There are 2 protein chains.
Amino acid sequence: MHATTIYGKNDVRYEEVPKPELITGGDAIVRVVAACVCGSDLWRYRGITPVKHPARIGHEFVGIVESVGDTVSKINVGDFVIAPFYDCDMTCVNCRNGFTTSCLEIGWWGGKDHWGNDMQGAQGEYVRVPHADGSLVATPGQPSAELVPHLLTLADVFGTGHHAAVSAGVKQGSTVAVVGDGAVGLSAVLAAKRLGAARIVLMSRHEDRQNLGRDFGATDIVEQRGDEGIAAVKALFDGVGADAVLECVGTKESMDQALRSARPGGQVGFVGVPSGGPELPVRQLFDSNVGVRGGMAPVRNYIDELLPEVWNGSLKPGRVFDLELPLSEVAEAYAAMDERRAIKALLKP
Amino acid sequence: MHATTIYGKNDVRYEEVPKPELITGGDAIVRVVAACVCGSDLWRYRGITPVKHPARIGHEFVGIVESVGDTVSKINVGDFVIAPFYDCDMTCVNCRNGFTTSCLEIGWWGGKDHWGNDMQGAQGEYVRVPHADGSLVATPGQPSAELVPHLLTLADVFGTGHHAAVSAGVKQGSTVAVVGDGAVGLSAVLAAKRLGAARIVLMSRHEDRQNLGRDFGATDIVEQRGDEGIAAVKALFDGVGADAVLECVGTKESMDQALRSARPGGQVGFVGVPSGGPELPVRQLFDSNVGVRGGMAPVRNYIDELLPEVWNGSLKPGRVFDLELPLSEVAEAYAAMDERRAIKALLKP
């Protein structure tokens with residue numbers, strides 16, 4: 001079969017690799033129908049995170065189950081399935097508490113499973129799923145081709161935007177500011193709208209992203225950044241800031257902007273992977289009573305809630321994909337996202 | 001009249017000072033019936049926060065209204081009143097949002113009001129209250145002497161413990177760990193119990209505080225600190241930690257202990273005034289999805305909710321006072337708390 005391997009900075013290759021086989025009784029082999037490139041994949045592509053040795057890459061996929069191990073009981077051969085961006089058992093205490101990203105038997109696509117076996121990257125033709133009954137969610141039937149991109153967002157990007165909104169406590173009537181206009185930020189707008197936000201400010205200076213943001217529910221756009229951006233957000237909300245701020249970037253600057261855009265007693269929901277560890281200013285939080293909550297999104301826990309609205313077409317989170325390529329052109333998908341020619345690229349094996 | 005002035009390290013004096021007079025139409029003059037010493041007062045007493053010039057001190061009091069300005073409409077002469085540890089208008093957007101500690105017209109006892117006028121410290125015979133209709137809460141009638149200490153805790157310490165529990169999201173059935181066995185930590189135990197916590201671990205190594213903590217609702221005591229303390233807390237909660245951790249100290253060590261005692265997806269409510277600014281490790285928060293929320297407690301917003309149960313005697317938060325002295329012996333009150341001979345000292349002018 002073919003899959004994607006990252007060799008180093010600006011060097012991802014579509015190449016022939018061994019097809020995975022069942023190992024544990026709980027495994028499934030899934031034929032990938034669609035995968036995609038994540039903003040976090042670009043860290044290694046850009047050399048920000050060093051690539052120490054060639055590695056399989058990609059962690060978002062949907063597909064069809066080709067085979068299952070002896071102990072798999074909920075997932076069947078032929079099911080169309082959505083996988084979260086990690087492997088989890090859905091039975092341990094952390095999974096039961098709703099935080100599958102802290103599963104006691106967690107595994108990572110392109111890395112290792114709980115027992116130390118290799119896991120395939122999702123940007124490939126086949127993937128072995130160690131906890132098939134835990135990780136995979138079968139859709140109610142076979143989806144149309146049009147539905148596939150929307151379903152694929154449940155693997156990571158839409159669930160992550162939803163996590164930002166949930167972590168920030170967005171509810172009916174909330175005022176919301178979204179920092180970041182990438183695929184996650186745009187997903188966060190859609191998630192905030194879905195949760196009933198009364199007003200949503202998207203901080204963006206790119207017209208195409210502003211337009212999609214408006215379609216997703218943004219009521220206002222703020223183009224300024226830093227102190228000016230914060231002042232503009234506060235001016236929209238009684239001079240004091242938003243109830244909820246969704247931080248979808250992960251830099252020191254974006255976190256600072258988020259913390260200072262929240263009203264006293266407001267809440268920042270953050271899902272931007274912290275790059276370089278800007279620490280949170282505890283005295284500023286203390287004085288303002290602004291809370292901070294978020295992290296790696298437990299998207300598996302969210303699929304059950306979000307899938308029905310995606311399945312029936314009332315939510316269209318897959319609009320964040322503005323480029324679709326065959327998997328064989330994965331290198332171009334990375335380049336397009338790196339050069340910001342695309343918000344998010346979908347790949348078809 | 002007499003009041004307390006802090007002159008420097010280990011130097012608080014009971015001395016004669018001018019009696020306050022009405023300045024703004026919204027003022028009230030309150031005759032203090034009871035005041036107390038706060039753990040945060042000890043910062044200056046211990047020289048941790050330098051005393052640049054002699055200053056009036058104390059920020060917790062209850063008393064009887066002696067006179068009111070022309071525009072005061074809710075508070076009447078003769079009312080027994082509880083004041084929060086700050087002055088607030090209860091009409092601005094932040095007050096309406098429930099965060100009176102960010103009142104746009106805030107003032108501080110012993111400091112300045114919104115307009116720059118001096119405010120008396122609470123450890124004195126009389127205090128001018130700039131926003132009488134906002135800050136003060138009149139009790140349903142004149143309290144018995146026995147009730148006074150319990151009412152006094154609504155000025156700060158019990159409301160602050162309650163804020164820790166609210167900020168950590170404590171609700172029916174929560175598992176809770178409390179870091180800190182001072183008056184605030186013990187109040188946090190009582191608040192968590194009141195909110196329905198199923199199990200409350202108090203981290204304490206002092207027998208008298210353990211006993212009061214048990215009376216307040218602690219189900220378990222952990223004496224260890226650091227890694228051992230964290231392991232002991234986790235062992236009590238499925239090996240992963242508590243749903244809610246109430247940080248009531250404010251040091252780097254206590255915050256670290258709190259963050260690592262919370263289960264993945266748990267929440268730390270912090271009310272310990274951060275001493276020296278240990279910053280929060282954002283990557284650790286991201287990986288664990290542990291949220292952090294808290295700060296200066298908006299105790300004025302909480303009085304309406306908490307007062308009925310204090311008034312009818314079903315809650316006895318005033319048990320944190322284990323020393324009562326006449327105001328003239330204020331220096332001994334500070335010394336007793338500094339030397340940990342007392343948990344919290346009540347002063348009667």
# chains A, B, ... in the order shown; residues from 1 in each chain; ligands from 1
call {"tool": "interface_residues", "arguments": {"of": "chain B", "to": "chain A", "cutoff": "7 Å", "atoms": "only C-alpha atoms", "output": "PDB file with C-alpha atoms, in the first residue's frame"}}
result
ATOM      1  CA  ASN B  94     -18.730  43.908  35.993  1.00  0.00           C
ATOM      2  CA  PHE B  99     -17.563  40.139  39.526  1.00  0.00           C
ATOM      3  CA  SER B 102     -13.660  44.280  39.134  1.00  0.00           C
ATOM      4  CA  PRO B 264      -7.447  14.939  33.583  1.00  0.00           C
ATOM      5  CA  GLY B 265     -10.206  17.385  32.701  1.00  0.00           C
ATOM      6  CA  PRO B 274      -0.201  34.524  44.213  1.00  0.00           C
ATOM      7  CA  GLY B 277       4.081  35.125  40.577  1.00  0.00           C
ATOM      8  CA  PRO B 278       4.651  31.460  39.879  1.00  0.00           C
ATOM      9  CA  GLU B 279       3.346  31.284  36.305  1.00  0.00           C
ATOM     10  CA  LEU B 280       1.062  28.482  35.190  1.00  0.00           C
ATOM     11  CA  PRO B 281       2.607  25.783  33.009  1.00  0.00           C
ATOM     12  CA  VAL B 282       0.479  26.026  29.887  1.00  0.00           C
ATOM     13  CA  ARG B 283       1.781  22.843  28.264  1.00  0.00           C
ATOM     14  CA  LEU B 285      -2.561  22.331  31.378  1.00  0.00           C
ATOM     15  CA  PHE B 286      -2.917  21.562  27.663  1.00  0.00           C
ATOM     16  CA  ASP B 287      -1.832  17.949  28.026  1.00  0.00           C
ATOM     17  CA  SER B 288      -4.055  17.286  31.042  1.00  0.00           C
ATOM     18  CA  ASN B 289      -7.030  19.496  30.192  1.00  0.00           C
ATOM     19  CA  VAL B 290      -6.944  20.717  33.788  1.00  0.00           C
ATOM     20  CA  GLY B 291      -8.628  24.123  33.941  1.00  0.00           C
ATOM     21  CA  VAL B 292      -7.649  26.958  36.233  1.00  0.00           C
ATOM     22  CA  ARG B 293     -10.049  29.585  37.435  1.00  0.00           C
ATOM     23  CA  GLY B 294     -10.225  31.896  40.398  1.00  0.00           C
ATOM     24  CA  GLY B 295      -8.799  35.028  41.843  1.00  0.00           C
ATOM     25  CA  MET B 296     -10.029  37.771  44.091  1.00  0.00           C
TER      26      MET B 296
END
call {"tool": "residues_around", "arguments": {"residues": "range 79-89 of chain B", "least_positions_apart": "5", "cutoff": "8 Å", "atoms": "only C-alpha atoms", "output": "ChimeraX atom specification"}}
result
/B:59-65,95,100-101,103-109,113,129-131,133-139,141-143,151-152,154-156,299-300
call {"tool": "write_last_selection", "arguments": {"atoms": "N, CA and C atoms", "output": "CSV table (one decimal), in the first residue's frame"}}
result
chain,number,residue,atom,x,y,z
B,59,HIS,N,-9.6,44.8,56.4
B,59,HIS,CA,-10.6,45.0,55.3
B,59,HIS,C,-11.8,44.1,55.5
B,60,GLU,N,-12.0,43.6,56.7
B,60,GLU,CA,-13.2,42.7,57.0
B,60,GLU,C,-13.9,43.3,58.2
B,61,PHE,N,-15.1,43.7,58.0
B,61,PHE,CA,-15.9,44.2,59.2
B,61,PHE,C,-17.4,44.0,59.0
B,62,VAL,N,-18.1,44.0,60.2
B,62,VAL,CA,-19.5,44.1,60.2
B,62,VAL,C,-19.8,45.2,61.2
B,63,GLY,N,-20.9,45.8,61.1
B,63,GLY,CA,-21.2,46.9,62.1
B,63,GLY,C,-22.6,47.5,61.9
B,64,ILE,N,-22.8,48.6,62.6
B,64,ILE,CA,-24.1,49.3,62.6
B,64,ILE,C,-24.0,50.7,61.9
B,65,VAL,N,-24.9,50.9,61.0
B,65,VAL,CA,-24.9,52.2,60.3
B,65,VAL,C,-25.2,53.4,61.2
B,95,CYS,N,-20.0,44.4,38.0
B,95,CYS,CA,-20.8,44.0,39.2
B,95,CYS,C,-22.0,43.1,38.7
B,100,THR,N,-17.8,41.7,41.3
B,100,THR,CA,-17.7,43.0,42.0
B,100,THR,C,-16.3,43.4,42.3
B,101,THR,N,-15.4,42.4,42.4
B,101,THR,CA,-14.0,42.7,42.6
B,101,THR,C,-13.4,43.4,41.4
B,103,CYS,N,-15.3,45.9,40.0
B,103,CYS,CA,-16.2,47.0,39.9
B,103,CYS,C,-15.4,48.2,39.2
B,104,LEU,N,-16.1,48.9,38.4
B,104,LEU,CA,-15.5,50.0,37.7
B,104,LEU,C,-15.3,51.2,38.6
B,105,GLU,N,-15.9,51.2,39.8
B,105,GLU,CA,-15.7,52.2,40.8
B,105,GLU,C,-15.2,51.6,42.1
B,106,ILE,N,-14.4,50.6,42.0
B,106,ILE,CA,-13.9,49.9,43.2
B,106,ILE,C,-13.1,50.8,44.1
B,107,GLY,N,-13.1,50.5,45.4
B,107,GLY,CA,-12.3,51.2,46.4
B,107,GLY,C,-11.8,50.2,47.4
B,108,TRP,N,-10.8,50.5,48.1
B,108,TRP,CA,-10.1,49.5,49.0
B,108,TRP,C,-10.0,50.1,50.4
B,109,TRP,N,-10.5,49.4,51.4
B,109,TRP,CA,-10.3,49.8,52.8
B,109,TRP,C,-8.9,50.0,53.1
B,113,ASP,N,-10.8,55.5,47.7
B,113,ASP,CA,-12.1,55.2,47.0
B,113,ASP,C,-11.9,55.5,45.5
B,129,VAL,N,-18.2,54.2,54.1
B,129,VAL,CA,-18.4,53.2,53.0
B,129,VAL,C,-18.9,54.1,51.8
B,130,PRO,N,-18.1,54.2,50.8
B,130,PRO,CA,-18.5,55.1,49.7
B,130,PRO,C,-19.7,54.7,48.9
B,131,HIS,N,-19.9,53.4,48.6
B,131,HIS,CA,-21.1,53.0,47.9
B,131,HIS,C,-22.0,52.2,48.9
B,133,ASP,N,-25.1,51.7,49.3
B,133,ASP,CA,-26.2,50.9,48.7
B,133,ASP,C,-25.7,49.7,47.9
B,134,GLY,N,-24.4,49.8,47.4
B,134,GLY,CA,-23.8,48.7,46.7
B,134,GLY,C,-23.1,47.8,47.6
B,135,SER,N,-22.2,48.3,48.4
B,135,SER,CA,-21.3,47.4,49.2
B,135,SER,C,-22.0,46.7,50.3
B,136,LEU,N,-22.9,47.4,51.0
B,136,LEU,CA,-23.4,46.9,52.3
B,136,LEU,C,-24.6,46.0,52.1
B,137,VAL,N,-24.6,45.0,52.9
B,137,VAL,CA,-25.8,44.1,53.0
B,137,VAL,C,-26.3,44.2,54.4
B,138,ALA,N,-27.6,44.6,54.5
B,138,ALA,CA,-28.2,44.7,55.9
B,138,ALA,C,-28.7,43.3,56.2
B,139,THR,N,-28.5,42.9,57.5
B,139,THR,CA,-29.1,41.6,57.9
B,139,THR,C,-30.6,41.8,58.2
B,141,GLY,N,-32.2,41.5,60.7
B,141,GLY,CA,-32.5,42.2,62.0
B,141,GLY,C,-31.2,42.3,62.7
B,142,GLN,N,-31.2,42.6,64.0
B,142,GLN,CA,-30.0,42.7,64.8
B,142,GLN,C,-29.6,41.3,65.2
B,143,PRO,N,-28.4,40.9,64.9
B,143,PRO,CA,-27.9,39.6,65.3
B,143,PRO,C,-27.6,39.4,66.7
B,151,LEU,N,-21.3,35.9,60.7
B,151,LEU,CA,-21.6,37.0,59.7
B,151,LEU,C,-20.4,37.6,59.2
B,152,LEU,N,-19.4,37.8,60.1
B,152,LEU,CA,-18.2,38.5,59.7
B,152,LEU,C,-17.4,37.7,58.6
B,154,LEU,N,-18.6,36.5,56.1
B,154,LEU,CA,-19.1,36.8,54.8
B,154,LEU,C,-18.4,38.0,54.1
B,155,ALA,N,-17.6,38.7,55.0
B,155,ALA,CA,-16.9,39.9,54.4
B,155,ALA,C,-15.7,39.4,53.6
B,156,ASP,N,-15.2,38.2,53.8
B,156,ASP,CA,-14.1,37.8,53.1
B,156,ASP,C,-13.9,36.3,53.1
B,299,VAL,N,-16.9,38.5,46.8
B,299,VAL,CA,-17.7,38.1,48.0
B,299,VAL,C,-19.0,38.8,48.1
B,300,ARG,N,-19.0,40.1,47.6
B,300,ARG,CA,-20.3,40.9,47.7
B,300,ARG,C,-21.4,40.1,46.9
call {"tool": "atom_distance", "arguments": {"atom1": "CA of Ala342 in chain A", "atom2": "CA of Gly318 in chain A"}}
result
13.6 Å
call {"tool": "residues_around", "arguments": {"residues": "Ala333 in chain A", "least_positions_apart": "3", "cutoff": "6 Å", "atoms": "only C-alpha atoms", "output": "list in words"}}
result
Val330, Ala336 and Ala345 of chain A
call {"tool": "select_by_dssp", "arguments": {"residues": "range 80-171 of chain A", "states": "helix (DSSP H, G or I)", "output": "PyMOL selection string"}}
result
chain A and resi 93-96+100-102+132-135+145-155+157-167
call {"tool": "atom_distance", "arguments": {"atom1": "CA of Asp41 in chain B", "atom2": "CA of Val184 in chain B"}}
result
13.5 Å
call {"tool": "select_by_dssp", "arguments": {"residues": "range 45-83 of chain A", "states": "strand (DSSP E or B)", "output": "PyMOL selection string"}}
result
chain A and resi 55-56+61-68+80-83
call {"tool": "residues_around", "arguments": {"residues": "range 204-210 of chain B", "least_positions_apart": "2", "cutoff": "10 Å", "atoms": "only C-alpha atoms", "output": "list in words"}}
result
Val178, Val179, Gly180, Asp181, Gly182, Ala183, Gly185, Leu186, Val201, Leu202, Leu212, Gly213, Arg214, Asp215, Phe216, Ala218, Asp220, Ile221, Val222, Glu223, Gln224, Arg225, Val320 and Ile343 of chain B
